[in-house]
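This report concerns only the one structure given below.
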Amino acid sequence: FPVTIGSPGVGKTFLAMYKAIEEVLQKDNPFKEVVIVRSTVQTRDVGFLPGTLEDKQEIFEMPYKEVSSTLFGRADAYDRLKEQGYVRFISTTAIRGISVDDAIIVVDEIQNMTWAELSTVLTRVGHRSKVIFCGDKFQNDLVKSKNDVSGLGQFLEVARTMSAFQEVVFTPDDIVRSSLVKQFIVACSNKGLLPGN
């Protein structure tokens with residue numbers, strides 16, 4: 001299972017979604033769907049928000065809507081993929097107790113997951129499924145929390161001992177979002193600052 005690590009703008013989420021959707025839509029593939037898993041760390045307990053669980057999670061699906069729109073050249077691409085059963089979104093809040101079979105699982109923003117969340121997600125991978133993890137250790141929203149600590153370091157420590165593990169590390173040289181983003185990330189790095197925190 002690959003784990004992609006790198007700064008903002010290198011295309012971690014875009015590449016993972018592109019490859020997952022491409023494979024799921026190929027004829028004669030073993031996968032039925034792309035399952036996107038993400039922590040809702042900014043609203044860790046989404047219970048106080050109005051609406052259904054799906055309504056509460058919709059804001060966290062925005063990056064995947066943008067990627068799908070770019071890939072297919074239409075604003076409703078993500079919603080169409082969901083309607084047709086090719087894409088499903090699950091937050092770590094609602095993942096316990098399930099097995100994800102016949103799917104490509106894209107686990108995004110893993111730096112915002114605790115050890116419990118990361119280990120729970122990995123233990124949901126079922127038959128004929130594969131998983132791709134994406135994250136950036138420097139965009140950790142958990143640093144603002146006294147109760148939650150990122151499990152990324154611990155997760156990588158364990159994963160690096162597994163034969164199925166593959167680590168892909170992007171550098172600021174890999175930034176493709178824009179030249180402005182690249183210049184900013186490099187300038188932050190030169191000053192010892194972490195963007196996004």
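Starting from 1 in every chain, residues are counted up; chains themselves are A, B, ... following the order of the structure tokens, and ligands are numbered from 1 as listed.
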Might you pull out every residue within 8 Å of stretch 1-6 of chain A, with only C-alpha atoms counted and same-chain residues fewer than 2 positions away left off, and present them as a ChimeraX atom specification? /A:8,10,12,130-137,164-172
Selection from above, C-alpha atoms, as a PDB file, in the first residue's frame, can you write it?
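Printed below is result.pdb as written:
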ATOM      1  CA  PRO A   8       0.665  21.485  -0.365  1.00  0.00           C
ATOM      2  CA  VAL A  10       2.240  18.506  -5.135  1.00  0.00           C
ATOM      3  CA  LYS A  12      -1.239  13.948  -3.581  1.00  0.00           C
ATOM      4  CA  LYS A 130      -6.288  -1.754  -1.993  1.00  0.00           C
ATOM      5  CA  VAL A 131      -5.556   1.419  -0.082  1.00  0.00           C
ATOM      6  CA  ILE A 132      -3.692   4.667  -0.790  1.00  0.00           C
ATOM      7  CA  PHE A 133      -2.780   7.033   2.068  1.00  0.00           C
ATOM      8  CA  CYS A 134      -2.114  10.765   1.450  1.00  0.00           C
ATOM      9  CA  GLY A 135      -0.872  13.408   3.855  1.00  0.00           C
ATOM     10  CA  ASP A 136       1.529  16.150   4.863  1.00  0.00           C
ATOM     11  CA  LYS A 137       3.064  16.067   8.335  1.00  0.00           C
ATOM     12  CA  ALA A 164       3.285  -4.250   1.401  1.00  0.00           C
ATOM     13  CA  PHE A 165       4.280  -0.675   2.307  1.00  0.00           C
ATOM     14  CA  GLN A 166       5.599   1.828  -0.225  1.00  0.00           C
ATOM     15  CA  GLU A 167       6.437   5.418   0.770  1.00  0.00           C
ATOM     16  CA  VAL A 168       6.354   8.190  -1.839  1.00  0.00           C
ATOM     17  CA  VAL A 169       7.810  11.479  -0.576  1.00  0.00           C
ATOM     18  CA  PHE A 170       7.239  14.638  -2.594  1.00  0.00           C
ATOM     19  CA  THR A 171       9.422  17.724  -2.193  1.00  0.00           C
ATOM     20  CA  PRO A 172       8.699  21.401  -2.922  1.00  0.00           C
TER      21      PRO A 172
END
_If we count only C-alpha atoms and set the cut-off at 12 Å, which residues sit around A:Ser99, ignoring sequence neighbours fewer than 3 positions away in its own chain? Please answer as a PyMOL selection string._
chain A and resi 35+95-96+102-103+105+120-129
Could you name the residues that touch A:Thr114 at 9 Å or less, counting only C-alpha atoms, but leaving out those on the same chain fewer than 4 positions away, as a list in words?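 So, after excluding close chain neighbours, the residues are Ile110, Leu118, Ser119, Leu142, Asp148, Val149, Ser150, Gly151 and Leu152 of chain A.
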For all heavy atoms, I'd like the residues from the last selection saved as a PDB file, in the first residue's frame.
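Output (out_27.pdb):
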ATOM      1  N   ILE A 110      -4.075  12.284   6.189  1.00  0.00           N
ATOM      2  CA  ILE A 110      -3.794  11.345   7.275  1.00  0.00           C
ATOM      3  C   ILE A 110      -3.070  11.987   8.450  1.00  0.00           C
ATOM      4  O   ILE A 110      -3.099  11.445   9.557  1.00  0.00           O
ATOM      5  CB  ILE A 110      -3.031  10.101   6.774  1.00  0.00           C
ATOM      6  CG1 ILE A 110      -1.673  10.467   6.169  1.00  0.00           C
ATOM      7  CG2 ILE A 110      -3.890   9.325   5.804  1.00  0.00           C
ATOM      8  CD1 ILE A 110      -0.818   9.262   5.789  1.00  0.00           C
ATOM      9  N   LEU A 118      -6.129   5.930  12.284  1.00  0.00           N
ATOM     10  CA  LEU A 118      -5.324   5.316  11.226  1.00  0.00           C
ATOM     11  C   LEU A 118      -5.344   3.797  11.303  1.00  0.00           C
ATOM     12  O   LEU A 118      -5.500   3.115  10.283  1.00  0.00           O
ATOM     13  CB  LEU A 118      -3.886   5.833  11.287  1.00  0.00           C
ATOM     14  CG  LEU A 118      -3.686   7.233  10.716  1.00  0.00           C
ATOM     15  CD1 LEU A 118      -2.362   7.829  11.182  1.00  0.00           C
ATOM     16  CD2 LEU A 118      -3.770   7.201   9.206  1.00  0.00           C
ATOM     17  N   SER A 119      -5.194   3.262  12.502  1.00  0.00           N
ATOM     18  CA  SER A 119      -5.206   1.801  12.634  1.00  0.00           C
ATOM     19  C   SER A 119      -6.604   1.246  12.356  1.00  0.00           C
ATOM     20  O   SER A 119      -6.739   0.165  11.764  1.00  0.00           O
ATOM     21  CB  SER A 119      -4.693   1.360  14.008  1.00  0.00           C
ATOM     22  OG  SER A 119      -5.453   1.919  15.037  1.00  0.00           O
ATOM     23  N   LEU A 142      -4.226  18.810  14.199  1.00  0.00           N
ATOM     24  CA  LEU A 142      -4.319  18.297  15.564  1.00  0.00           C
ATOM     25  C   LEU A 142      -3.374  19.018  16.528  1.00  0.00           C
ATOM     26  O   LEU A 142      -3.510  18.858  17.731  1.00  0.00           O
ATOM     27  CB  LEU A 142      -4.029  16.794  15.591  1.00  0.00           C
ATOM     28  CG  LEU A 142      -5.043  15.914  14.870  1.00  0.00           C
ATOM     29  CD1 LEU A 142      -4.595  14.459  14.894  1.00  0.00           C
ATOM     30  CD2 LEU A 142      -6.421  16.044  15.494  1.00  0.00           C
ATOM     31  N   ASP A 148      -6.119  15.407  21.146  1.00  0.00           N
ATOM     32  CA  ASP A 148      -5.772  14.543  20.021  1.00  0.00           C
ATOM     33  C   ASP A 148      -4.346  14.803  19.555  1.00  0.00           C
ATOM     34  O   ASP A 148      -3.904  15.934  19.482  1.00  0.00           O
ATOM     35  CB  ASP A 148      -6.719  14.787  18.845  1.00  0.00           C
ATOM     36  CG  ASP A 148      -8.131  14.311  19.132  1.00  0.00           C
ATOM     37  OD1 ASP A 148      -8.286  13.303  19.842  1.00  0.00           O
ATOM     38  OD2 ASP A 148      -9.082  14.942  18.636  1.00  0.00           O
ATOM     39  N   VAL A 149      -3.656  13.739  19.211  1.00  0.00           N
ATOM     40  CA  VAL A 149      -2.293  13.823  18.696  1.00  0.00           C
ATOM     41  C   VAL A 149      -2.258  13.045  17.393  1.00  0.00           C
ATOM     42  O   VAL A 149      -2.819  11.950  17.295  1.00  0.00           O
ATOM     43  CB  VAL A 149      -1.287  13.216  19.706  1.00  0.00           C
ATOM     44  CG1 VAL A 149       0.116  13.192  19.126  1.00  0.00           C
ATOM     45  CG2 VAL A 149      -1.324  13.970  21.015  1.00  0.00           C
ATOM     46  N   SER A 150      -1.575  13.588  16.381  1.00  0.00           N
ATOM     47  CA  SER A 150      -1.469  12.901  15.102  1.00  0.00           C
ATOM     48  C   SER A 150      -0.805  11.542  15.296  1.00  0.00           C
ATOM     49  O   SER A 150       0.191  11.410  15.998  1.00  0.00           O
ATOM     50  CB  SER A 150      -0.645  13.734  14.116  1.00  0.00           C
ATOM     51  OG  SER A 150      -0.462  13.015  12.909  1.00  0.00           O
ATOM     52  N   GLY A 151      -1.365  10.550  14.642  1.00  0.00           N
ATOM     53  CA  GLY A 151      -0.799   9.206  14.701  1.00  0.00           C
ATOM     54  C   GLY A 151       0.096   8.896  13.510  1.00  0.00           C
ATOM     55  O   GLY A 151       0.549   7.769  13.349  1.00  0.00           O
ATOM     56  N   LEU A 152       0.368   9.918  12.674  1.00  0.00           N
ATOM     57  CA  LEU A 152       1.127   9.694  11.451  1.00  0.00           C
ATOM     58  C   LEU A 152       2.515   9.110  11.718  1.00  0.00           C
ATOM     59  O   LEU A 152       2.919   8.148  11.058  1.00  0.00           O
ATOM     60  CB  LEU A 152       1.239  10.995  10.645  1.00  0.00           C
ATOM     61  CG  LEU A 152       2.028  10.914   9.337  1.00  0.00           C
ATOM     62  CD1 LEU A 152       1.465   9.841   8.416  1.00  0.00           C
ATOM     63  CD2 LEU A 152       2.052  12.267   8.646  1.00  0.00           C
TER      64      LEU A 152
END
Could you give me, as JSON, numbers by chain, each residue of stretch 113-154 of chain A that DSSP assigns to strand (DSSP E) when run on this structure's backbone? {"A": [130, 131, 132, 133, 134, 135]}
Could you tell me how far atom CA of A:Thr93 sits from atom CA of A:Gln111, in Å to one decimal place?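 Those two atoms sit 15.7 Å apart.
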Select from stretch 2-122 of chain A everything DSSP, run on the backbone, classes as helix (DSSP H, G or I), then give the selection as a PDB file with N, CA and C atoms, in the first residue's frame.
ATOM      1  N   LYS A  12      -1.023  15.244  -4.249  1.00  0.00           N
ATOM      2  CA  LYS A  12      -1.239  13.948  -3.581  1.00  0.00           C
ATOM      3  C   LYS A  12      -2.677  13.469  -3.761  1.00  0.00           C
ATOM      4  N   THR A  13      -3.619  14.311  -3.393  1.00  0.00           N
ATOM      5  CA  THR A  13      -5.035  13.940  -3.494  1.00  0.00           C
ATOM      6  C   THR A  13      -5.445  13.764  -4.946  1.00  0.00           C
ATOM      7  N   PHE A  14      -5.017  14.685  -5.794  1.00  0.00           N
ATOM      8  CA  PHE A  14      -5.373  14.625  -7.211  1.00  0.00           C
ATOM      9  C   PHE A  14      -4.894  13.321  -7.840  1.00  0.00           C
ATOM     10  N   LEU A  15      -3.634  12.977  -7.618  1.00  0.00           N
ATOM     11  CA  LEU A  15      -3.075  11.750  -8.201  1.00  0.00           C
ATOM     12  C   LEU A  15      -3.775  10.499  -7.673  1.00  0.00           C
ATOM     13  N   ALA A  16      -4.026  10.472  -6.372  1.00  0.00           N
ATOM     14  CA  ALA A  16      -4.691   9.307  -5.781  1.00  0.00           C
ATOM     15  C   ALA A  16      -6.102   9.140  -6.355  1.00  0.00           C
ATOM     16  N   MET A  17      -6.838  10.249  -6.433  1.00  0.00           N
ATOM     17  CA  MET A  17      -8.198  10.188  -6.987  1.00  0.00           C
ATOM     18  C   MET A  17      -8.176   9.809  -8.465  1.00  0.00           C
ATOM     19  N   TYR A  18      -7.278  10.431  -9.212  1.00  0.00           N
ATOM     20  CA  TYR A  18      -7.175  10.148 -10.649  1.00  0.00           C
ATOM     21  C   TYR A  18      -6.940   8.667 -10.893  1.00  0.00           C
ATOM     22  N   LYS A  19      -5.920   8.107 -10.232  1.00  0.00           N
ATOM     23  CA  LYS A  19      -5.591   6.703 -10.440  1.00  0.00           C
ATOM     24  C   LYS A  19      -6.714   5.781  -9.956  1.00  0.00           C
ATOM     25  N   ALA A  20      -7.332   6.122  -8.826  1.00  0.00           N
ATOM     26  CA  ALA A  20      -8.409   5.285  -8.288  1.00  0.00           C
ATOM     27  C   ALA A  20      -9.633   5.295  -9.201  1.00  0.00           C
ATOM     28  N   ILE A  21     -10.055   6.478  -9.626  1.00  0.00           N
ATOM     29  CA  ILE A  21     -11.227   6.569 -10.511  1.00  0.00           C
ATOM     30  C   ILE A  21     -10.938   5.900 -11.848  1.00  0.00           C
ATOM     31  N   GLU A  22      -9.749   6.155 -12.389  1.00  0.00           N
ATOM     32  CA  GLU A  22      -9.376   5.540 -13.667  1.00  0.00           C
ATOM     33  C   GLU A  22      -9.479   4.020 -13.586  1.00  0.00           C
ATOM     34  N   GLU A  23      -8.964   3.456 -12.520  1.00  0.00           N
ATOM     35  CA  GLU A  23      -8.968   1.998 -12.390  1.00  0.00           C
ATOM     36  C   GLU A  23     -10.373   1.445 -12.179  1.00  0.00           C
ATOM     37  N   VAL A  24     -11.168   2.128 -11.352  1.00  0.00           N
ATOM     38  CA  VAL A  24     -12.531   1.657 -11.087  1.00  0.00           C
ATOM     39  C   VAL A  24     -13.391   1.718 -12.351  1.00  0.00           C
ATOM     40  N   LEU A  25     -13.175   2.711 -13.197  1.00  0.00           N
ATOM     41  CA  LEU A  25     -13.987   2.856 -14.407  1.00  0.00           C
ATOM     42  C   LEU A  25     -13.525   1.966 -15.561  1.00  0.00           C
ATOM     43  N   VAL A  41     -11.669  16.265  11.496  1.00  0.00           N
ATOM     44  CA  VAL A  41     -10.989  16.791  12.679  1.00  0.00           C
ATOM     45  C   VAL A  41     -11.436  18.199  13.059  1.00  0.00           C
ATOM     46  N   GLN A  42     -11.710  19.030  12.056  1.00  0.00           N
ATOM     47  CA  GLN A  42     -12.106  20.402  12.380  1.00  0.00           C
ATOM     48  C   GLN A  42     -13.423  20.450  13.144  1.00  0.00           C
ATOM     49  N   THR A  43     -14.251  19.453  12.949  1.00  0.00           N
ATOM     50  CA  THR A  43     -15.500  19.324  13.704  1.00  0.00           C
ATOM     51  C   THR A  43     -15.561  17.909  14.246  1.00  0.00           C
ATOM     52  N   VAL A  46     -19.215  15.824  15.055  1.00  0.00           N
ATOM     53  CA  VAL A  46     -20.115  16.520  14.143  1.00  0.00           C
ATOM     54  C   VAL A  46     -21.563  16.498  14.631  1.00  0.00           C
ATOM     55  N   GLY A  47     -21.806  15.942  15.792  1.00  0.00           N
ATOM     56  CA  GLY A  47     -23.168  15.809  16.290  1.00  0.00           C
ATOM     57  C   GLY A  47     -23.905  17.113  16.460  1.00  0.00           C
ATOM     58  N   PHE A  48     -23.208  18.209  16.771  1.00  0.00           N
ATOM     59  CA  PHE A  48     -23.897  19.464  17.023  1.00  0.00           C
ATOM     60  C   PHE A  48     -24.313  20.180  15.740  1.00  0.00           C
ATOM     61  N   LEU A  53     -25.814  12.861   8.717  1.00  0.00           N
ATOM     62  CA  LEU A  53     -24.369  12.663   8.692  1.00  0.00           C
ATOM     63  C   LEU A  53     -23.810  13.064   7.328  1.00  0.00           C
ATOM     64  N   GLU A  54     -24.535  12.728   6.265  1.00  0.00           N
ATOM     65  CA  GLU A  54     -24.100  13.094   4.906  1.00  0.00           C
ATOM     66  C   GLU A  54     -24.034  14.619   4.745  1.00  0.00           C
ATOM     67  N   ASP A  55     -25.029  15.325   5.274  1.00  0.00           N
ATOM     68  CA  ASP A  55     -25.025  16.800   5.229  1.00  0.00           C
ATOM     69  C   ASP A  55     -23.807  17.357   5.962  1.00  0.00           C
ATOM     70  N   LYS A  56     -23.496  16.795   7.103  1.00  0.00           N
ATOM     71  CA  LYS A  56     -22.387  17.273   7.938  1.00  0.00           C
ATOM     72  C   LYS A  56     -21.028  17.025   7.276  1.00  0.00           C
ATOM     73  N   GLN A  57     -20.935  15.948   6.504  1.00  0.00           N
ATOM     74  CA  GLN A  57     -19.669  15.576   5.880  1.00  0.00           C
ATOM     75  C   GLN A  57     -19.441  16.275   4.545  1.00  0.00           C
ATOM     76  N   GLU A  58     -20.480  16.904   3.990  1.00  0.00           N
ATOM     77  CA  GLU A  58     -20.394  17.448   2.630  1.00  0.00           C
ATOM     78  C   GLU A  58     -19.239  18.433   2.445  1.00  0.00           C
ATOM     79  N   ILE A  59     -18.957  19.254   3.434  1.00  0.00           N
ATOM     80  CA  ILE A  59     -17.871  20.223   3.303  1.00  0.00           C
ATOM     81  C   ILE A  59     -16.515  19.536   3.133  1.00  0.00           C
ATOM     82  N   PHE A  60     -16.362  18.352   3.702  1.00  0.00           N
ATOM     83  CA  PHE A  60     -15.112  17.613   3.606  1.00  0.00           C
ATOM     84  C   PHE A  60     -14.953  16.925   2.252  1.00  0.00           C
ATOM     85  N   GLU A  61     -16.028  16.898   1.461  1.00  0.00           N
ATOM     86  CA  GLU A  61     -15.980  16.302   0.126  1.00  0.00           C
ATOM     87  C   GLU A  61     -15.585  17.307  -0.954  1.00  0.00           C
ATOM     88  N   MET A  62     -15.453  18.578  -0.606  1.00  0.00           N
ATOM     89  CA  MET A  62     -15.155  19.617  -1.596  1.00  0.00           C
ATOM     90  C   MET A  62     -13.901  19.335  -2.434  1.00  0.00           C
ATOM     91  N   PRO A  63     -12.779  18.910  -1.832  1.00  0.00           N
ATOM     92  CA  PRO A  63     -11.604  18.652  -2.667  1.00  0.00           C
ATOM     93  C   PRO A  63     -11.855  17.585  -3.740  1.00  0.00           C
ATOM     94  N   TYR A  64     -12.667  16.591  -3.424  1.00  0.00           N
ATOM     95  CA  TYR A  64     -12.920  15.485  -4.339  1.00  0.00           C
ATOM     96  C   TYR A  64     -13.886  15.914  -5.444  1.00  0.00           C
ATOM     97  N   LYS A  65     -14.768  16.848  -5.104  1.00  0.00           N
ATOM     98  CA  LYS A  65     -15.643  17.439  -6.127  1.00  0.00           C
ATOM     99  C   LYS A  65     -14.803  18.226  -7.123  1.00  0.00           C
ATOM    100  N   GLU A  66     -13.841  18.997  -6.620  1.00  0.00           N
ATOM    101  CA  GLU A  66     -12.968  19.782  -7.507  1.00  0.00           C
ATOM    102  C   GLU A  66     -12.114  18.879  -8.397  1.00  0.00           C
ATOM    103  N   VAL A  67     -11.532  17.844  -7.817  1.00  0.00           N
ATOM    104  CA  VAL A  67     -10.705  16.924  -8.603  1.00  0.00           C
ATOM    105  C   VAL A  67     -11.556  16.271  -9.690  1.00  0.00           C
ATOM    106  N   SER A  68     -12.725  15.788  -9.332  1.00  0.00           N
ATOM    107  CA  SER A  68     -13.601  15.120 -10.301  1.00  0.00           C
ATOM    108  C   SER A  68     -14.035  16.085 -11.400  1.00  0.00           C
ATOM    109  N   SER A  69     -14.342  17.308 -11.017  1.00  0.00           N
ATOM    110  CA  SER A  69     -14.724  18.332 -12.000  1.00  0.00           C
ATOM    111  C   SER A  69     -13.597  18.574 -12.998  1.00  0.00           C
ATOM    112  N   THR A  70     -12.369  18.655 -12.499  1.00  0.00           N
ATOM    113  CA  THR A  70     -11.214  18.852 -13.379  1.00  0.00           C
ATOM    114  C   THR A  70     -11.006  17.641 -14.285  1.00  0.00           C
ATOM    115  N   LEU A  71     -11.116  16.451 -13.724  1.00  0.00           N
ATOM    116  CA  LEU A  71     -10.875  15.239 -14.510  1.00  0.00           C
ATOM    117  C   LEU A  71     -11.896  15.031 -15.625  1.00  0.00           C
ATOM    118  N   PHE A  72     -13.158  15.350 -15.328  1.00  0.00           N
ATOM    119  CA  PHE A  72     -14.220  15.077 -16.289  1.00  0.00           C
ATOM    120  C   PHE A  72     -14.708  16.314 -17.037  1.00  0.00           C
ATOM    121  N   ALA A  77     -19.524  16.154 -11.848  1.00  0.00           N
ATOM    122  CA  ALA A  77     -18.892  14.843 -12.035  1.00  0.00           C
ATOM    123  C   ALA A  77     -18.873  14.010 -10.762  1.00  0.00           C
ATOM    124  N   TYR A  78     -18.481  14.613  -9.640  1.00  0.00           N
ATOM    125  CA  TYR A  78     -18.404  13.867  -8.375  1.00  0.00           C
ATOM    126  C   TYR A  78     -19.779  13.350  -7.968  1.00  0.00           C
ATOM    127  N   ASP A  79     -20.786  14.220  -8.045  1.00  0.00           N
ATOM    128  CA  ASP A  79     -22.146  13.812  -7.670  1.00  0.00           C
ATOM    129  C   ASP A  79     -22.654  12.687  -8.575  1.00  0.00           C
ATOM    130  N   ARG A  80     -22.325  12.751  -9.856  1.00  0.00           N
ATOM    131  CA  ARG A  80     -22.719  11.689 -10.786  1.00  0.00           C
ATOM    132  C   ARG A  80     -22.023  10.375 -10.433  1.00  0.00           C
ATOM    133  N   LEU A  81     -20.719  10.458 -10.113  1.00  0.00           N
ATOM    134  CA  LEU A  81     -19.984   9.251  -9.715  1.00  0.00           C
ATOM    135  C   LEU A  81     -20.595   8.637  -8.458  1.00  0.00           C
ATOM    136  N   LYS A  82     -20.997   9.487  -7.508  1.00  0.00           N
ATOM    137  CA  LYS A  82     -21.646   8.987  -6.288  1.00  0.00           C
ATOM    138  C   LYS A  82     -22.987   8.335  -6.611  1.00  0.00           C
ATOM    139  N   GLU A  83     -23.789   9.000  -7.427  1.00  0.00           N
ATOM    140  CA  GLU A  83     -25.104   8.468  -7.807  1.00  0.00           C
ATOM    141  C   GLU A  83     -24.987   7.111  -8.486  1.00  0.00           C
ATOM    142  N   THR A  92     -13.931   9.139   9.339  1.00  0.00           N
ATOM    143  CA  THR A  92     -13.427   8.184  10.330  1.00  0.00           C
ATOM    144  C   THR A  92     -14.402   8.042  11.493  1.00  0.00           C
ATOM    145  N   THR A  93     -15.304   9.008  11.638  1.00  0.00           N
ATOM    146  CA  THR A  93     -16.323   8.946  12.681  1.00  0.00           C
ATOM    147  C   THR A  93     -17.257   7.760  12.472  1.00  0.00           C
ATOM    148  N   ALA A  94     -17.475   7.375  11.206  1.00  0.00           N
ATOM    149  CA  ALA A  94     -18.486   6.368  10.894  1.00  0.00           C
ATOM    150  C   ALA A  94     -17.916   5.082  10.302  1.00  0.00           C
ATOM    151  N   ILE A 110      -4.075  12.284   6.189  1.00  0.00           N
ATOM    152  CA  ILE A 110      -3.794  11.345   7.275  1.00  0.00           C
ATOM    153  C   ILE A 110      -3.070  11.987   8.450  1.00  0.00           C
ATOM    154  N   GLN A 111      -2.449  13.139   8.234  1.00  0.00           N
ATOM    155  CA  GLN A 111      -1.798  13.831   9.350  1.00  0.00           C
ATOM    156  C   GLN A 111      -2.827  14.307  10.380  1.00  0.00           C
ATOM    157  N   ASN A 112      -4.084  14.377   9.982  1.00  0.00           N
ATOM    158  CA  ASN A 112      -5.153  14.811  10.880  1.00  0.00           C
ATOM    159  C   ASN A 112      -5.877  13.639  11.531  1.00  0.00           C
ATOM    160  N   TRP A 115      -3.697   7.908  16.002  1.00  0.00           N
ATOM    161  CA  TRP A 115      -3.274   6.511  15.824  1.00  0.00           C
ATOM    162  C   TRP A 115      -4.498   5.595  15.772  1.00  0.00           C
ATOM    163  N   ALA A 116      -5.475   5.843  16.628  1.00  0.00           N
ATOM    164  CA  ALA A 116      -6.679   5.005  16.651  1.00  0.00           C
ATOM    165  C   ALA A 116      -7.417   5.081  15.315  1.00  0.00           C
ATOM    166  N   GLU A 117      -7.525   6.283  14.750  1.00  0.00           N
ATOM    167  CA  GLU A 117      -8.208   6.425  13.468  1.00  0.00           C
ATOM    168  C   GLU A 117      -7.442   5.710  12.351  1.00  0.00           C
ATOM    169  N   LEU A 118      -6.129   5.930  12.284  1.00  0.00           N
ATOM    170  CA  LEU A 118      -5.324   5.316  11.226  1.00  0.00           C
ATOM    171  C   LEU A 118      -5.344   3.797  11.303  1.00  0.00           C
ATOM    172  N   SER A 119      -5.194   3.262  12.502  1.00  0.00           N
ATOM    173  CA  SER A 119      -5.206   1.801  12.634  1.00  0.00           C
ATOM    174  C   SER A 119      -6.604   1.246  12.356  1.00  0.00           C
ATOM    175  N   THR A 120      -7.643   1.983  12.725  1.00  0.00           N
ATOM    176  CA  THR A 120      -9.007   1.546  12.423  1.00  0.00           C
ATOM    177  C   THR A 120      -9.241   1.523  10.921  1.00  0.00           C
ATOM    178  N   VAL A 121      -8.804   2.575  10.224  1.00  0.00           N
ATOM    179  CA  VAL A 121      -8.981   2.625   8.777  1.00  0.00           C
ATOM    180  C   VAL A 121      -8.268   1.455   8.110  1.00  0.00           C
ATOM    181  N   LEU A 122      -7.022   1.216   8.469  1.00  0.00           N
ATOM    182  CA  LEU A 122      -6.267   0.137   7.823  1.00  0.00           C
ATOM    183  C   LEU A 122      -6.900  -1.226   8.083  1.00  0.00           C
TER     184      LEU A 122
END
message: Just to confirm, what's the straight-line distance from atom CA of A:Glu33 to atom CA of A:Asp76 in Å (one decimal)?
response: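 Separation of atom CA of A:Glu33 and atom CA of A:Asp76: 17.7 Å.
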One-decimal distance in Å that lies between atom CA of A:Phe89 and atom CA of A:Gln154
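Going from atom CA of A:Gln154 over to atom CA of A:Phe89, I get 25.0 Å.
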key: Closest of A:Ile104, A:Ile36, A:Ser189, A:Ala75 to A:Ser91 - atom-to-atom distances counting only C-alpha atoms   =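 Counting only C-alpha atoms, the residue closest to A:Ser91 is A:Ile36.
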